[in-house]
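Have a look at structure.tsv; it's TSV, C-alpha atoms and all ligand atoms:
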chain	number	residue	atom	x	y	z
A	19	MET	CA	21.57	25.70	29.38
A	20	ALA	CA	23.28	23.86	26.59
A	21	THR	CA	21.21	22.71	23.64
A	22	ILE	CA	22.05	19.25	22.36
A	23	ILE	CA	21.63	18.82	18.60
A	24	THR	CA	21.88	15.34	17.12
A	25	ILE	CA	22.70	14.94	13.44
A	26	THR	CA	21.22	11.62	12.42
A	27	SER	CA	19.85	9.67	9.43
A	28	GLY	CA	19.79	5.92	9.82
A	29	LYS	CA	21.50	5.46	6.47
A	30	GLY	CA	25.24	5.91	6.03
A	31	GLY	CA	26.95	8.19	3.55
A	32	VAL	CA	24.16	10.76	3.34
A	33	GLY	CA	26.13	13.69	4.74
A	34	LYS	CA	25.83	13.54	8.54
A	35	THR	CA	29.48	14.22	9.24
A	36	THR	CA	29.66	16.91	6.56
A	37	THR	CA	26.58	18.50	8.12
A	38	SER	CA	27.81	18.16	11.71
A	39	ALA	CA	31.04	19.95	10.81
A	40	SER	CA	29.25	22.76	8.99
A	41	ILE	CA	26.41	23.22	11.46
A	42	ALA	CA	28.82	23.29	14.41
A	43	SER	CA	31.07	25.76	12.59
A	44	GLY	CA	28.09	27.89	11.61
A	45	LEU	CA	26.87	28.11	15.20
A	46	ALA	CA	30.36	29.04	16.38
A	47	MET	CA	30.58	31.70	13.67
A	48	ARG	CA	27.42	33.18	15.13
A	49	GLY	CA	29.24	33.53	18.43
A	50	PHE	CA	27.96	30.47	20.29
A	51	LYS	CA	30.35	28.33	22.27
A	52	THR	CA	29.98	25.02	20.50
A	53	ALA	CA	31.28	21.47	20.85
A	54	VAL	CA	30.97	18.81	18.17
A	55	ILE	CA	31.22	15.19	19.25
A	56	ASP	CA	31.96	12.21	17.00
A	57	PHE	CA	29.79	9.29	18.14
A	58	ASP	CA	31.04	7.01	15.38
A	59	VAL	CA	33.22	4.86	17.61
A	60	GLY	CA	35.52	2.70	15.51
A	61	LEU	CA	35.05	4.80	12.37
A	62	ARG	CA	36.30	8.19	13.41
A	63	ASN	CA	35.98	10.72	10.57
A	64	LEU	CA	34.89	14.03	12.00
A	65	ASP	CA	38.52	14.82	12.88
A	66	LEU	CA	39.46	14.58	9.19
A	67	ILE	CA	36.55	16.72	8.04
A	68	MET	CA	37.40	19.32	10.69
A	69	GLY	CA	41.09	19.08	9.76
A	70	CYS	CA	42.30	18.29	13.28
A	71	GLU	CA	43.27	14.64	12.81
A	72	ARG	CA	46.91	15.19	13.69
A	73	ARG	CA	46.05	16.81	16.97
A	74	VAL	CA	44.00	13.93	18.35
A	75	VAL	CA	45.54	12.56	21.53
A	76	TYR	CA	42.61	11.52	23.70
A	77	ASP	CA	39.10	10.65	22.58
A	78	PHE	CA	35.52	10.40	23.76
A	79	VAL	CA	35.97	6.91	25.24
A	80	ASN	CA	39.14	7.92	27.11
A	81	VAL	CA	37.11	10.61	28.83
A	82	ILE	CA	34.19	8.29	29.59
A	83	GLN	CA	36.55	5.76	31.11
A	84	GLY	CA	38.42	8.40	33.10
A	85	ASP	CA	41.78	7.99	31.31
A	86	ALA	CA	41.74	11.65	30.40
A	87	ASN	CA	39.73	14.67	31.38
A	88	LEU	CA	37.49	16.57	29.02
A	89	HIS	CA	39.86	19.50	28.88
A	90	GLN	CA	42.66	17.26	27.57
A	91	ALA	CA	40.47	15.63	24.94
A	92	LEU	CA	38.73	18.68	23.45
A	93	ILE	CA	40.51	20.03	20.38
A	94	LYS	CA	40.17	23.70	19.59
A	95	ASP	CA	39.08	24.32	16.01
A	96	LYS	CA	41.53	26.17	13.79
A	97	ASN	CA	38.88	28.29	12.05
A	98	CYS	CA	36.57	29.28	14.88
A	99	ASP	CA	37.64	30.44	18.32
A	100	ASN	CA	34.71	29.08	20.25
A	101	LEU	CA	34.45	25.68	18.57
A	102	PHE	CA	35.82	22.45	20.04
A	103	VAL	CA	35.97	18.93	18.64
A	104	LEU	CA	35.69	15.74	20.68
A	105	PRO	CA	36.93	12.88	18.49
A	106	ALA	CA	35.65	9.32	18.55
A	107	SER	CA	37.77	6.40	19.59
A	108	GLN	CA	39.31	4.49	16.72
A	109	THR	CA	40.05	1.30	18.62
A	110	ARG	CA	37.29	0.59	21.09
A	111	ASP	CA	34.00	-1.03	20.28
A	112	LYS	CA	30.68	0.76	20.38
A	113	ASP	CA	29.68	-0.63	23.76
A	114	ALA	CA	32.31	1.60	25.35
A	115	LEU	CA	29.71	4.36	24.99
A	116	THR	CA	27.64	3.85	28.11
A	117	GLU	CA	24.56	5.91	28.75
A	118	GLU	CA	25.92	7.13	32.11
A	119	GLY	CA	29.25	7.99	30.50
A	120	VAL	CA	27.68	9.98	27.68
A	121	GLU	CA	25.38	11.79	30.10
A	122	LYS	CA	28.27	12.69	32.38
A	123	ILE	CA	30.24	14.25	29.55
A	124	LEU	CA	27.28	16.19	28.19
A	125	LYS	CA	26.61	17.57	31.70
A	126	GLU	CA	30.23	18.55	32.06
A	127	LEU	CA	30.18	20.40	28.74
A	128	GLU	CA	27.11	22.24	29.91
A	129	HIS	CA	28.91	23.21	33.14
A	130	GLN	CA	31.77	24.56	31.07
A	131	GLY	CA	29.36	26.99	29.48
A	132	PHE	CA	28.83	25.45	26.07
A	133	ASP	CA	25.77	26.81	24.28
A	134	TYR	CA	25.47	24.05	21.71
A	135	ILE	CA	26.62	20.44	21.64
A	136	VAL	CA	26.41	18.88	18.19
A	137	CYS	CA	26.38	15.06	18.14
A	138	ASP	CA	27.49	13.41	14.89
A	139	SER	CA	25.65	10.08	14.87
A	140	PRO	CA	26.97	6.89	13.32
A	141	ALA	CA	24.83	5.17	10.68
A	142	GLY	CA	22.37	2.45	11.63
A	143	ILE	CA	19.83	2.14	14.39
A	144	GLU	CA	22.03	0.26	16.86
A	145	HIS	CA	23.67	1.25	20.11
A	146	GLY	CA	25.93	4.03	18.80
A	147	ALA	CA	23.13	5.77	16.94
A	148	VAL	CA	20.80	5.44	19.93
A	149	MET	CA	23.46	6.88	22.26
A	150	ALA	CA	23.86	9.86	19.94
A	151	LEU	CA	20.14	10.69	20.09
A	152	THR	CA	19.31	9.73	23.68
A	153	PHE	CA	20.00	13.18	25.13
A	154	ALA	CA	18.94	15.25	22.10
A	155	ASP	CA	16.96	18.46	22.48
A	156	GLU	CA	16.82	18.91	18.72
A	157	ALA	CA	17.48	16.48	15.89
A	158	ILE	CA	18.54	17.28	12.35
A	159	VAL	CA	17.53	14.37	10.16
A	160	VAL	CA	19.80	14.29	7.12
A	161	THR	CA	18.07	12.77	4.10
A	162	ASN	CA	19.06	12.23	0.47
A	163	PRO	CA	16.46	12.23	-2.33
A	164	GLU	CA	16.56	8.49	-2.59
A	165	VAL	CA	14.21	5.72	-1.40
A	166	SER	CA	16.37	3.94	1.16
A	167	SER	CA	17.49	7.19	2.75
A	168	VAL	CA	13.90	8.42	3.16
A	169	ARG	CA	12.76	5.15	4.66
A	170	ASP	CA	15.69	5.05	7.09
A	171	SER	CA	15.01	8.64	8.11
A	172	ASP	CA	11.47	7.68	8.99
A	173	ARG	CA	12.75	4.78	11.09
A	174	ILE	CA	15.18	6.99	12.95
A	175	LEU	CA	12.35	9.46	13.62
A	176	GLY	CA	10.43	6.61	15.23
A	177	ILE	CA	13.44	5.85	17.41
A	178	ILE	CA	13.79	9.49	18.43
A	179	GLN	CA	10.12	9.44	19.40
A	180	SER	CA	10.50	6.30	21.50
A	181	LYS	CA	14.05	6.13	22.87
A	182	SER	CA	15.14	9.69	23.54
A	183	ARG	CA	15.17	10.82	27.17
A	184	ARG	CA	12.63	13.47	26.33
A	185	ALA	CA	10.26	10.79	25.02
A	186	ILE	CA	10.87	8.37	27.89
A	187	GLU	CA	10.41	11.04	30.55
A	188	GLY	CA	7.35	12.45	28.79
A	189	ARG	CA	8.90	15.88	28.45
A	190	GLU	CA	8.42	18.15	25.45
A	191	PRO	CA	9.44	16.03	22.44
A	192	VAL	CA	12.75	16.38	20.61
A	193	LYS	CA	12.42	19.14	18.03
A	194	GLU	CA	12.86	17.53	14.62
A	195	HIS	CA	14.27	19.20	11.52
A	196	LEU	CA	14.58	17.85	8.00
A	197	LEU	CA	17.76	18.64	6.09
A	198	VAL	CA	17.76	17.37	2.52
A	199	THR	CA	21.31	17.01	1.29
A	200	ARG	CA	23.05	16.06	-1.96
A	201	TYR	CA	20.11	17.60	-3.81
A	202	SER	CA	20.20	17.90	-7.54
A	203	PRO	CA	17.59	20.44	-8.74
A	204	LYS	CA	18.02	19.27	-12.32
A	205	ARG	CA	17.35	15.61	-11.60
A	206	ALA	CA	14.44	16.48	-9.32
A	207	HIS	CA	13.01	18.75	-11.99
A	208	GLU	CA	13.24	15.99	-14.56
A	209	GLY	CA	11.37	13.59	-12.34
A	210	GLU	CA	14.38	11.37	-11.87
A	211	MET	CA	14.69	12.08	-8.17
A	212	LEU	CA	12.33	12.83	-5.34
A	213	THR	CA	11.85	16.57	-4.82
A	214	TYR	CA	12.41	18.13	-1.42
A	215	THR	CA	8.67	18.70	-1.14
A	216	ASP	CA	8.07	14.98	-1.81
A	217	ILE	CA	10.46	14.14	1.02
A	218	GLN	CA	8.90	16.62	3.38
A	219	GLU	CA	5.44	15.30	2.55
A	220	LEU	CA	6.60	11.77	3.31
A	221	LEU	CA	8.44	12.50	6.56
A	222	ARG	CA	6.14	15.29	7.78
A	223	ILE	CA	8.68	17.30	9.72
A	224	PRO	CA	9.68	20.95	9.22
A	225	LEU	CA	12.27	21.62	6.53
A	226	LEU	CA	15.47	23.22	7.81
A	227	GLY	CA	17.14	23.44	4.44
A	228	VAL	CA	18.20	21.87	1.18
A	229	ILE	CA	21.92	21.41	0.53
A	230	PRO	CA	22.77	20.96	-3.14
A	231	GLU	CA	25.02	18.22	-4.46
A	232	SER	CA	28.33	19.90	-5.12
A	233	GLU	CA	31.99	19.26	-5.78
A	234	ALA	CA	32.78	21.91	-3.19
A	235	VAL	CA	32.13	19.30	-0.49
A	236	LEU	CA	34.88	17.06	-1.82
A	237	HIS	CA	37.32	19.97	-1.98
A	238	ALA	CA	36.38	20.93	1.54
A	239	SER	CA	36.99	17.44	2.87
A	240	ASN	CA	40.24	17.13	0.93
A	241	GLN	CA	41.49	20.21	2.74
A	242	GLY	CA	40.02	19.43	6.13
A	243	VAL	CA	37.95	22.60	6.18
A	244	PRO	CA	34.18	22.33	6.78
A	245	ALA	CA	32.13	23.05	3.65
A	246	ILE	CA	30.49	26.08	5.24
A	247	HIS	CA	33.84	27.88	4.89
A	248	GLN	CA	33.91	27.44	1.07
A	249	LYS	CA	32.99	31.07	0.53
A	250	ASP	CA	30.27	31.94	-1.99
A	251	THR	CA	29.58	28.36	-3.00
A	252	PRO	CA	25.94	27.23	-3.03
A	253	VAL	CA	26.74	24.56	-0.42
A	254	ALA	CA	28.22	27.05	2.03
A	255	ASP	CA	25.37	29.51	1.46
A	256	ALA	CA	22.78	26.75	1.90
A	257	TYR	CA	24.37	25.76	5.22
A	258	LEU	CA	24.51	29.40	6.33
A	259	ASP	CA	20.80	29.77	5.52
A	260	ALA	CA	20.04	26.59	7.46
A	261	ILE	CA	21.88	27.95	10.51
A	262	GLY	CA	19.85	31.14	10.26
A	263	ARG	CA	16.60	29.19	10.11
A	264	PHE	CA	17.71	27.04	13.02
A	265	LEU	CA	18.15	30.23	15.02
A	266	GLY	CA	14.64	31.35	14.11
A	267	GLU	CA	15.30	33.58	11.12
A	268	THR	CA	13.43	33.31	7.83
A	269	HIS	CA	15.40	32.75	4.67
A	270	PRO	CA	13.85	31.76	1.35
A	271	LEU	CA	15.12	28.47	-0.07
A	272	ARG	CA	17.90	28.89	-2.59
A	273	PHE	CA	19.52	26.51	-5.08
A	274	VAL	CA	16.44	24.31	-5.37
A	275	ASP	CA	15.13	25.35	-8.78
A	276	HIS	CA	16.51	24.12	-12.04
A	277	GLU	CA	17.16	26.63	-14.77
A	278	LYS	CA	16.93	25.00	-18.15
A	279	PRO	CA	20.09	25.45	-20.17
A	280	GLY	CA	19.59	26.86	-23.67
A	281	LEU	CA	19.41	24.59	-26.69
A	282	LEU	CA	22.93	25.51	-27.81
A	283	LYS	CA	24.37	24.56	-24.47
A	284	ARG	CA	22.59	21.24	-24.63
A	285	LEU	CA	23.80	20.66	-28.18
A	286	PHE	CA	27.39	21.47	-27.51
A	287	GLY	CA	27.67	20.09	-24.02
A	288	GLY	CA	28.85	21.79	-20.91
A	289	LYS	CA	27.51	21.10	-17.48
B	18	MET	CA	19.38	6.89	-26.30
B	19	SER	CA	18.94	8.57	-29.70
B	20	TRP	CA	20.59	11.91	-30.37
B	21	LEU	CA	17.17	13.55	-30.41
B	22	SER	CA	16.22	12.37	-26.97
B	23	HIS	CA	19.69	13.40	-25.85
B	24	ILE	CA	19.08	16.95	-27.02
B	25	PHE	CA	15.61	17.15	-25.61
B	26	GLY	CA	16.60	15.60	-22.37
B	27	GLU	CA	14.15	12.72	-22.36
B	28	LYS	CA	14.78	10.71	-19.22
B	29	LYS	CA	12.88	8.19	-17.23
B	30	ALA	CA	10.79	9.94	-14.61
B	31	THR	CA	10.82	7.35	-11.87
B	32	ALA	CA	10.57	9.68	-8.88
B	33	SER	CA	6.78	9.37	-8.75
B	34	VAL	CA	7.11	5.60	-8.47
B	35	ALA	CA	9.58	6.09	-5.63
B	36	LYS	CA	7.20	8.41	-3.84
B	37	GLU	CA	4.27	6.04	-4.09
B	38	ARG	CA	6.30	3.12	-2.81
B	39	LEU	CA	7.59	5.17	0.09
B	40	GLN	CA	4.14	6.36	1.08
B	41	LEU	CA	3.09	2.77	1.45
B	42	ILE	CA	6.09	1.36	3.25
B	43	ILE	CA	6.44	4.30	5.61
B	44	ALA	CA	2.79	4.12	6.61
B	45	ARG	CA	3.19	0.45	7.26
B	46	GLU	CA	6.38	0.80	9.27
B	47	ARG	CA	4.88	3.57	11.35
B	48	VAL	CA	2.15	1.18	12.43
B	49	GLY	CA	4.77	-1.49	13.05
B	50	LEU	CA	6.71	0.72	15.42
B	51	SER	CA	3.84	1.10	17.83
B	52	GLY	CA	2.79	-2.54	17.76
B	53	PRO	CA	3.72	-5.88	16.28
B	54	ASP	CA	3.57	-6.37	12.54
B	55	PHE	CA	0.21	-8.09	12.34
B	56	LEU	CA	0.20	-9.35	8.78
B	57	PRO	CA	1.78	-12.78	9.50
B	58	ASP	CA	-0.69	-13.37	12.35
B	59	LEU	CA	-3.58	-12.28	10.19
B	60	GLN	CA	-2.44	-14.70	7.53
B	61	LYS	CA	-2.32	-17.57	10.05
B	62	ASP	CA	-5.78	-16.78	11.42
B	63	LEU	CA	-7.23	-16.60	7.94
B	64	VAL	CA	-5.79	-19.98	7.09
B	65	ALA	CA	-7.39	-21.42	10.22
B	66	VAL	CA	-10.82	-19.94	9.48
B	67	ILE	CA	-10.90	-20.85	5.82
B	68	SER	CA	-9.65	-24.37	6.54
B	69	LYS	CA	-12.88	-24.92	8.44
B	70	TYR	CA	-14.76	-24.72	5.16
B	71	VAL	CA	-12.36	-25.70	2.38
B	72	LYS	CA	-9.16	-27.64	2.27
B	73	ILE	CA	-6.34	-25.29	1.33
B	74	ASN	CA	-2.59	-25.01	1.60
B	75	PRO	CA	-1.36	-22.28	3.96
B	76	GLU	CA	0.67	-20.83	1.08
B	77	ASP	CA	-2.50	-20.36	-0.94
B	78	ILE	CA	-3.50	-17.43	1.21
B	79	LYS	CA	-1.53	-14.26	0.59
B	80	VAL	CA	-1.97	-11.05	2.51
B	81	GLY	CA	-0.36	-7.72	1.79
B	82	LEU	CA	-0.82	-3.99	2.04
B	83	GLU	CA	-1.84	-2.16	-1.08
B	84	LYS	CA	-2.67	1.39	-1.92
B	85	GLN	CA	-5.77	2.40	-3.84
B	86	GLY	CA	-5.92	6.10	-4.39
B	87	ASN	CA	-5.68	7.67	-0.98
B	88	PHE	CA	-6.63	4.52	0.88
B	89	GLU	CA	-4.49	1.82	2.19
B	90	VAL	CA	-6.14	-1.56	1.85
B	91	ILE	CA	-5.32	-5.02	3.05
B	92	GLU	CA	-5.32	-7.27	0.06
B	93	VAL	CA	-6.12	-10.92	0.65
B	94	ASN	CA	-5.70	-13.48	-2.09
B	95	ILE	CA	-7.07	-16.92	-1.56
B	96	VAL	CA	-6.44	-19.56	-4.16
B	97	LEU	CA	-9.05	-22.28	-3.91
B	98	PRO	CA	-8.12	-25.83	-4.80
B	99	GLU	CA	-9.25	-26.85	-8.26
B	100	MET	CA	-12.70	-28.36	-8.29
B	101	ARG	CA	-13.10	-31.59	-10.15
A	301	LIG	N1	26.21	18.24	-0.57
A	301	LIG	C1	27.09	17.29	-0.98
A	301	LIG	N2	27.52	17.28	-2.27
A	301	LIG	C2	28.39	16.34	-2.69
A	301	LIG	N3	28.91	15.38	-1.91
A	301	LIG	C3	28.52	15.34	-0.61
A	301	LIG	C4	27.60	16.28	-0.07
A	301	LIG	N4	27.42	16.00	1.25
A	301	LIG	C5	28.19	14.93	1.52
A	301	LIG	N5	28.86	14.52	0.42
A	301	LIG	C6	29.79	13.40	0.29
A	301	LIG	O1	29.12	12.21	0.66
A	301	LIG	C7	29.99	11.34	1.33
A	301	LIG	C8	29.40	10.96	2.69
A	301	LIG	O2	29.34	12.11	3.50
A	301	LIG	P1	29.43	12.03	5.09
A	301	LIG	O3	29.20	13.41	5.60
A	301	LIG	O4	30.67	11.34	5.51
A	301	LIG	O5	28.17	11.11	5.38
A	301	LIG	P2	27.78	10.28	6.70
A	301	LIG	O6	28.46	10.93	7.86
A	301	LIG	O7	26.28	10.40	6.73
A	301	LIG	O8	28.21	8.87	6.48
A	301	LIG	C9	31.31	12.04	1.45
A	301	LIG	O9	32.15	11.58	0.42
A	301	LIG	C10	30.97	13.49	1.25
A	301	LIG	O10	32.03	14.22	0.68
A	302	MG	MG	29.71	10.07	9.41
Once more with this new file: its structure as structure tokens, please.
Amino acid sequence: MATIITITSGKGGVGKTTTSASIASGLAMRGFKTAVIDFDVGLRNLDLIMGCERRVVYDFVNVIQGDANLHQALIKDKNCDNLFVLPASQTRDKDALTEEGVEKILKELEHQGFDYIVCDSPAGIEHGAVMALTFADEAIVVTNPEVSSVRDSDRILGIIQSKSRRAIEGREPVKEHLLVTRYSPKRAHEGEMLTYTDIQELLRIPLLGVIPESEAVLHASNQGVPAIHQKDTPVADAYLDAIGRFLGETHPLRFVDHEKPGLLKRLFGGK
Amino acid sequence: MSWLSHIFGEKKATASVAKERLQLIIARERVGLSGPDFLPDLQKDLVAVISKYVKINPEDIKVGLEKQGNFEVIEVNIVLPEMR
């Protein structure tokens, strides 16, 4: 059985694609055969973050419409042997993603022995986002410590609870996880930003992890290498911890507490 | 910002305001997802009832959700026409 994980948020720019790339890579690093699908039809970006943009020939919509088979469209990741990327179409409109088409492809991936299928959702609560969560078994709700992101996350949770297949068919509900990203312990400590506990209290779903705000993410995307591969950076370690928790392990939260810099450091600057 | 507050890191702590606002709006939207948003209808009904007794403008009745401590309350404001 393949497990379908949807990375969603409602709001754009919160770190869904960054998270999809790192979570998919992390699962593959643990030995699971993993596919990551870009559902952002028209605004393909996962290929860039995964660093496979020059190898895209066929896309998700080509496969749905029968212009190519899945085998032709899947791109093997350069860092992990058992990771494959299915890029979004750049030219079609979102309606090209039909429910039957998406279901067919997910079934086929399952037949091919994939353990995990990670769906990178587009922003919004429209068709594309709904397609990305319709078949979810688990959902990772990516949230920034900021009012509009938290509100949108709550809306998307409502949609998961009403429009997913699991909800419609009255099966066991989609398992929801909260991933707080772009977290700044210092600003949270100073009361400038919501803390991760505030967010969890508001959304009331289990916390999968807290990913700190970090320049490492920009470097990773510049190079087309998922952030989880930026060895020994807090971002990579936080994603590795989140993968572990996803797989049922316990890891204490790291990189969430602010250590006050000494007076001299504050006087003479430095970050 | 003065150099003193720069050194001692005095910043506006607005996160608690954010949290309070979110608690309210999320609670309200959660209700809205399982049924229609009833506030506009409530407003209309109130106008109808009160009009039976006093002459008022529909805009003089305002309804909204408020939070008092741990409770969410429906706040209704009715401006009566000036008596002469
Ligand atoms: N932990 C982080 N620290 C710093 N920047 C981040 C972090 N996560 C994401 N970003 C940046 O935020 C922007 C949006 O990220 P992206 O993953 O594309 O979001 P989405 O897919 O939700 O629109 C990108 O520029 C990305 O580099
Ligand atoms: Mg994206």
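For the pair atom CA of A:Pro105 and atom CA of A:Asp56, the interatomic distance is 5.2 Å.
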List as JSON lines every residue of chain A that is in contact with ligand MG 302 (chain A), defined as an atom at most 12 Å from one of its atoms (using only C-alpha atoms and all ligand atoms), together with the nearest atom pair and the distance in Å rounded to one decimal, sorted by chain and then rising number.
{"residue": "A:Ile25", "atom": "CA", "partner": "A:MG302", "partner_atom": "MG", "distance": 9.4}
{"residue": "A:Thr26", "atom": "CA", "partner": "A:MG302", "partner_atom": "MG", "distance": 9.1}
{"residue": "A:Ser27", "atom": "CA", "partner": "A:MG302", "partner_atom": "MG", "distance": 9.9}
{"residue": "A:Gly28", "atom": "CA", "partner": "A:MG302", "partner_atom": "MG", "distance": 10.8}
{"residue": "A:Lys29", "atom": "CA", "partner": "A:MG302", "partner_atom": "MG", "distance": 9.9}
{"residue": "A:Gly30", "atom": "CA", "partner": "A:MG302", "partner_atom": "MG", "distance": 7.0}
{"residue": "A:Gly31", "atom": "CA", "partner": "A:MG302", "partner_atom": "MG", "distance": 6.7}
{"residue": "A:Val32", "atom": "CA", "partner": "A:MG302", "partner_atom": "MG", "distance": 8.3}
{"residue": "A:Gly33", "atom": "CA", "partner": "A:MG302", "partner_atom": "MG", "distance": 6.9}
{"residue": "A:Lys34", "atom": "CA", "partner": "A:MG302", "partner_atom": "MG", "distance": 5.3}
{"residue": "A:Thr35", "atom": "CA", "partner": "A:MG302", "partner_atom": "MG", "distance": 4.2}
{"residue": "A:Thr36", "atom": "CA", "partner": "A:MG302", "partner_atom": "MG", "distance": 7.4}
{"residue": "A:Thr37", "atom": "CA", "partner": "A:MG302", "partner_atom": "MG", "distance": 9.1}
{"residue": "A:Ser38", "atom": "CA", "partner": "A:MG302", "partner_atom": "MG", "distance": 8.6}
{"residue": "A:Ala39", "atom": "CA", "partner": "A:MG302", "partner_atom": "MG", "distance": 10.1}
{"residue": "A:Ile55", "atom": "CA", "partner": "A:MG302", "partner_atom": "MG", "distance": 11.2}
{"residue": "A:Asp56", "atom": "CA", "partner": "A:MG302", "partner_atom": "MG", "distance": 8.2}
{"residue": "A:Phe57", "atom": "CA", "partner": "A:MG302", "partner_atom": "MG", "distance": 8.8}
{"residue": "A:Asp58", "atom": "CA", "partner": "A:MG302", "partner_atom": "MG", "distance": 6.8}
{"residue": "A:Val59", "atom": "CA", "partner": "A:MG302", "partner_atom": "MG", "distance": 10.3}
{"residue": "A:Gly60", "atom": "CA", "partner": "A:MG302", "partner_atom": "MG", "distance": 11.2}
{"residue": "A:Leu61", "atom": "CA", "partner": "A:MG302", "partner_atom": "MG", "distance": 8.1}
{"residue": "A:Arg62", "atom": "CA", "partner": "A:MG302", "partner_atom": "MG", "distance": 7.9}
{"residue": "A:Asn63", "atom": "CA", "partner": "A:MG302", "partner_atom": "MG", "distance": 6.4}
{"residue": "A:Leu64", "atom": "CA", "partner": "A:MG302", "partner_atom": "MG", "distance": 7.0}
{"residue": "A:Asp65", "atom": "CA", "partner": "A:MG302", "partner_atom": "MG", "distance": 10.6}
{"residue": "A:Leu66", "atom": "CA", "partner": "A:MG302", "partner_atom": "MG", "distance": 10.7}
{"residue": "A:Ile67", "atom": "CA", "partner": "A:MG302", "partner_atom": "MG", "distance": 9.6}
{"residue": "A:Pro105", "atom": "CA", "partner": "A:MG302", "partner_atom": "MG", "distance": 11.9}
{"residue": "A:Ala106", "atom": "CA", "partner": "A:MG302", "partner_atom": "MG", "distance": 10.9}
{"residue": "A:Cys137", "atom": "CA", "partner": "A:MG302", "partner_atom": "MG", "distance": 10.6}
{"residue": "A:Asp138", "atom": "CA", "partner": "A:MG302", "partner_atom": "MG", "distance": 6.8}
{"residue": "A:Ser139", "atom": "CA", "partner": "A:MG302", "partner_atom": "MG", "distance": 6.8}
{"residue": "A:Pro140", "atom": "CA", "partner": "A:MG302", "partner_atom": "MG", "distance": 5.7}
{"residue": "A:Ala141", "atom": "CA", "partner": "A:MG302", "partner_atom": "MG", "distance": 7.0}
{"residue": "A:Gly142", "atom": "CA", "partner": "A:MG302", "partner_atom": "MG", "distance": 10.8}
{"residue": "A:Gly146", "atom": "CA", "partner": "A:MG302", "partner_atom": "MG", "distance": 11.8}
{"residue": "A:Ala147", "atom": "CA", "partner": "A:MG302", "partner_atom": "MG", "distance": 10.9}
{"residue": "A:Val160", "atom": "CA", "partner": "A:MG302", "partner_atom": "MG", "distance": 11.0}
Requested in this report: Kindly provide, as a PyMOL selection string, the residues of chain A having any atom no farther than 12 Å from an atom of chain B, counting only C-alpha atoms.
Outcome: chain A and resi 163-181+204-222+278-287
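Interatomic distance, atom CA of A:Val120 to atom CA of A:Leu88: 11.9 Å.
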